[in-house]
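Working notes, structure below.
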Amino acid sequence: MVLNFLTYFRRSRDPKQRAMAHMTLAHSSAMRTMMQSGLFLKKQAWLWPILAVLALSVVGYGVSSAIRLTMKQSFQSQLQTLLNVETAMLETWMGTQADSAEAQANSQQVRAIVEKLISASEGLTPEPSDTVPTQLIAQLGRDLSPGMASQDFVGYFVTDRQMKILAGSHAELMGRTVPQFESFLLKTLDGNSAISAPFPSVVLMKDDSGQMRTGLPTMFVSAPIRDAGFQVVGALALEIRPELEFTRILQLGRIGISGETYAFNKQGLMVSNSRFDEDLMLMGLLPDVPGAKSILNLTLRNPGGNMAKGFRSKIRRAELPLTKMAANAVAGEAGVDVEGYQDYRGVPVVGAWTWLPKYGIGIATEVDYAEAFQPLNIVQWMFSGIYTLLGLCSVALFVVTLVVARLRREAQRSAIEAKQLGQYVLDRKLGSGGMGVVYKGHHAMLRRPTAIKMLNVDLVNDSSIQRFEREVQITCQLNHPNTVAVYDYGRTPEGVFYYAMEYLDGIDLQVLVERYGPQSESRVIRILTQVCGSLFEAHSQGLVHRDIKPANIMINRRGSEPDLVKVLDFGLVKALDEKKQSGLTTNGLTGTPLYMSPEAIQTPLLVDTRSDLYAVGAVGYFLLTGQAVFNAQSLVELCRQHVAQVPDAPSLRLARAVSPALEDAILACLEKNPAKRPQTARDLALRLAKTPTANDWTLNEAEAWWSRHESGRETPHPSSSPQTDSRDATRPLASDYQANAVTIGHINLTTSPSGDSPYAKTTFGPSSAD
């Protein structure tokens, strides 16, 4: 096993020959396949219509799926936005009602009258009189009347701490304790304003036709009444007609012809009006009587079929389950469903919903599925017409395809010979990695030096393309000056995927230490601080790098700024939101063994930003001591050390004193328990800034260092690695540009620039090429 491993590893020492061999083989195989296919299709022209139909079917399905996906995403966003707006409007309105109630309850006149009413109720008035409470109640009504009129309150009542009604606009409630009021009065008597969900009235009220009856929708907002000692002595409740402002706010939220927004309580009972009341009467869901409304009369139950198309359930409605939306909402779960579900009419709809525990109601906004995805019919009709015309176009398609194929082959040859990728000219190859090949080039018109990364032709498949695109997209989101910048991304007509990034003319930290030995404390702090800046931006966007190591960090001299750090290789980045990640990362162990955190080894799917900070600590340890945190003879032993072994202090490894603050910061990053590490990259940067030696590496010293080493006359530090480096010391160095990848079984290793030790990506589980 060991011999096989070494054999594979030795074979990877000449990356240029292997890459050229692979490219030549791929090129010849592709050309041979295209020629054979062309000859076959010339002889079997009758296959073209069949192939065209199949191709068009695939395209039609793809376009339809893409449109459907786009529409779903758009509708999901629209529904969620509308729901958020409606919820915010409703909460604002409820907050306004609560403020009004509190203002009334805190009025000096109201408080004084209520105290007298309570005293009279308890028999504590010095001169009992039957007329005193009547006069107080009348005075209370006069004091409350202006505020009630301005906020459209239609009634009120006042209770003591026992919830007994002392005064109110409904004389029949005087002296009673009403169970229906307990839910909001209990909150109010605890000192908090409360607003109830709509419920049936217990007193006679006028309906729309002017008749007096009970059971009409009503709701109350209540506020505590306090005495001079600020103790709650009672409650003031103001009555609201929900079919006015409450329902009107909800009815503003409509999408299209069939969209509606409504509210419901814990039992799934609708507490606002539906826009389909007339239709609900025809379906039998509402009584066919004048003035019948869905508010407080319709429970959100799934009938099991589309009642709008004549379906009638054989089961009593009270025994039917709640709709999917209502069941999730009353369970306290907010959500959006654009796949489709049946509403209370049995009509397929898409919708969004949320639950407001403070008010004990749910809010939902829905639109019929048929209306939401009606544009898809146009696409289907379009493809039906194309299928009809396909027979007439088959011969022309065959001829055009032959011409295009010939031009494509010529363009491929020209692009390879001219080393031209779109607007970029390739100058020379810098190296290759696990996914692509990197060239130094320049923009044809701007003449700006550029590093151009192309997807390795041996790895071109859907998965590798998605990974390649994902690396570009993620890196483009990051704008920190210490993160490598991406200029452009494209695909040539010949099918070569590439992206252009800034050309870095420095060296990576692996080479820095190998050539010049351990670095000074202040320079280490300067480097790590810049790395933290790059990572903090990535972490703030929910991204974990997962492969922080010296070879992925370059130090450069950019313009007049020496020691400018650039963080590279976001190809293995992991999104904390797995939906955002889209399954493009492997489900196994991913990273660099020498710089891998314990949790990345034990539970790779659960790594977070603190795993990157462990690697930053390991990089700092390497810069400071010239050695990795752990050294082992095997990968298994190395992983065991990361998981279980406590690292030696840098001062012990160096056999000399190291600033305690810097040493503590590095060892804190290397804690086995992520909770004991710095929790963010900014926390680590601030901690490093407080180190006494943080400012010792001055701009002049950095400038002098680069001036010495750019001349190419200085020899490597005597304590650097004894490995020889065959590369030209004057050319740019970066592991992302020059790493040489080899896959052994399901273990993906990337050799060091010297080709002697595995220090880069290791993956257990399916490799990216699988």
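Identifiers in the structure tokens: chain A, B, ... in order shown; residue index from 1 per chain; ligand index from 1 in order shown.
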
Which neighbours of segment 207-210 of chain A fall inside 8 Å, counting only C-alpha atoms, when residues of the same chain fewer than 3 positions from it are skipped, and could you give them as a PDB file with C-alpha atoms, in the first residue's frame?
ATOM      1  CA  ARG A 213     -77.731  40.919  17.406  1.00  0.00           C
ATOM      2  CA  LEU A 216     -70.833  39.959  15.417  1.00  0.00           C
ATOM      3  CA  GLY A 291     -74.767  39.897   4.950  1.00  0.00           C
TER       4      GLY A 291
END

Name the residues of segment 459-571 of chain A that fall into alpha helix (DSSP H) according to DSSP on the backbone, using the chain letters and numbers of this document, as a PyMOL selection string.
chain A and resi 462-477+509-516+521-540

Selection file, C-alpha atoms, as a compact mmCIF listing (two decimals), in the first residue's frame:
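Okay, this is what ended up in part.txt:
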# COMPACT_ATOMS: atom_id res chain seq x y z
CA ASP A 462 -21.44 19.49 -15.03
CA SER A 463 -20.08 19.15 -11.50
CA SER A 464 -16.67 20.63 -12.30
CA ILE A 465 -18.23 23.49 -14.27
CA GLN A 466 -20.52 24.30 -11.35
CA ARG A 467 -17.58 24.19 -8.94
CA PHE A 468 -15.53 26.39 -11.28
CA GLU A 469 -18.37 28.90 -11.64
CA ARG A 470 -19.03 28.79 -7.92
CA GLU A 471 -15.41 29.64 -7.15
CA VAL A 472 -15.68 32.67 -9.44
CA GLN A 473 -19.04 33.77 -8.10
CA ILE A 474 -17.94 33.49 -4.49
CA THR A 475 -14.65 35.30 -5.06
CA CYS A 476 -16.46 38.07 -6.97
CA GLN A 477 -18.65 38.70 -3.93
CA LEU A 509 3.87 32.05 2.82
CA GLN A 510 5.01 28.46 2.30
CA VAL A 511 7.85 29.65 0.09
CA LEU A 512 8.49 32.64 2.35
CA VAL A 513 9.31 30.39 5.30
CA GLU A 514 11.07 27.71 3.22
CA ARG A 515 13.41 30.32 1.74
CA TYR A 516 13.83 32.83 4.51
CA GLU A 521 6.71 38.50 15.58
CA SER A 522 5.63 41.90 14.30
CA ARG A 523 5.65 40.73 10.69
CA VAL A 524 3.66 37.65 11.60
CA ILE A 525 1.10 39.88 13.32
CA ARG A 526 0.90 42.14 10.25
CA ILE A 527 0.33 39.16 7.95
CA LEU A 528 -2.25 37.47 10.18
CA THR A 529 -4.14 40.73 10.68
CA GLN A 530 -4.59 41.12 6.93
CA VAL A 531 -5.69 37.48 6.60
CA CYS A 532 -8.27 38.15 9.32
CA GLY A 533 -9.57 41.11 7.34
CA SER A 534 -10.14 38.99 4.26
CA LEU A 535 -11.76 36.18 6.25
CA PHE A 536 -14.01 38.50 8.24
CA GLU A 537 -15.63 39.72 5.03
CA ALA A 538 -16.11 36.14 3.81
CA HIS A 539 -17.44 35.01 7.19
CA SER A 540 -19.83 37.96 7.29

Just the number, please: distance in Å from atom CA of Thr609 of chain A to atom CA of Val646 of chain A, one decimal.
21.2 Å

Name all residues at most 8 Å from Ser169 of chain A (count only C-alpha atoms; drop same-chain ones fewer than 5 positions away) and give them as a list of chain:residue names.
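Counting only C-alpha atoms, the residues come to A:Gly141, A:Gly155, A:Tyr156, A:Phe157.
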
Please compute the atom CA of Asn482 of chain A-atom CA of Gly517 of chain A distance, one decimal, in Å.
23.2 Å

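In this comparison, which uses only C-alpha atoms, the residue of A:Ile255, A:Gln519, A:Phe570, A:Leu238 approaching Leu654 of chain A most closely is A:Gln519.
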
Write out as a list in words which residues come within 12 Å of segment 698-701 of chain A when counting only C-alpha atoms, dropping same-chain ones fewer than 3 positions away.
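Once the adjacent positions are removed, what remains is Ser520, Ser522, Arg523, Ile525, Arg526, Arg557, Ser560, Glu561, Pro562, Asp563, Leu564, Thr693, Ala694, Asn695, Ala704, Trp705, Trp706, Ser707 and Arg708 of chain A.
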
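The space between atom CA of Ile195 of chain A and atom CA of Tyr359 of chain A spans 6.5 Å.
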
Among listed residues A:Glu172, A:Asp152, A:Glu260, A:Asp277, nearest Arg241 of chain A (using only C-alpha atoms)
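The closest residue to Arg241 of chain A is A:Asp152.
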
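The nearest approach to Asp279 of chain A among the residues A:Val59, A:Ala292, A:Val349, A:Val496, with only C-alpha atoms taken into account, belongs to A:Ala292.
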
Set the distance at 12 Å and use only C-alpha atoms: which residues neighbour Leu186 of chain A once local chain neighbours fewer than 2 positions away are removed? I'd like the list as a PyMOL selection string.
chain A and resi 159-163+179-184+188-196+222-224+232+234-235+237

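Distances from A:Gly620, A:Gly268, A:Leu285, A:Gly346 to Asn328 of chain A were compared using only C-alpha atoms, and the smallest one belongs to A:Gly268.
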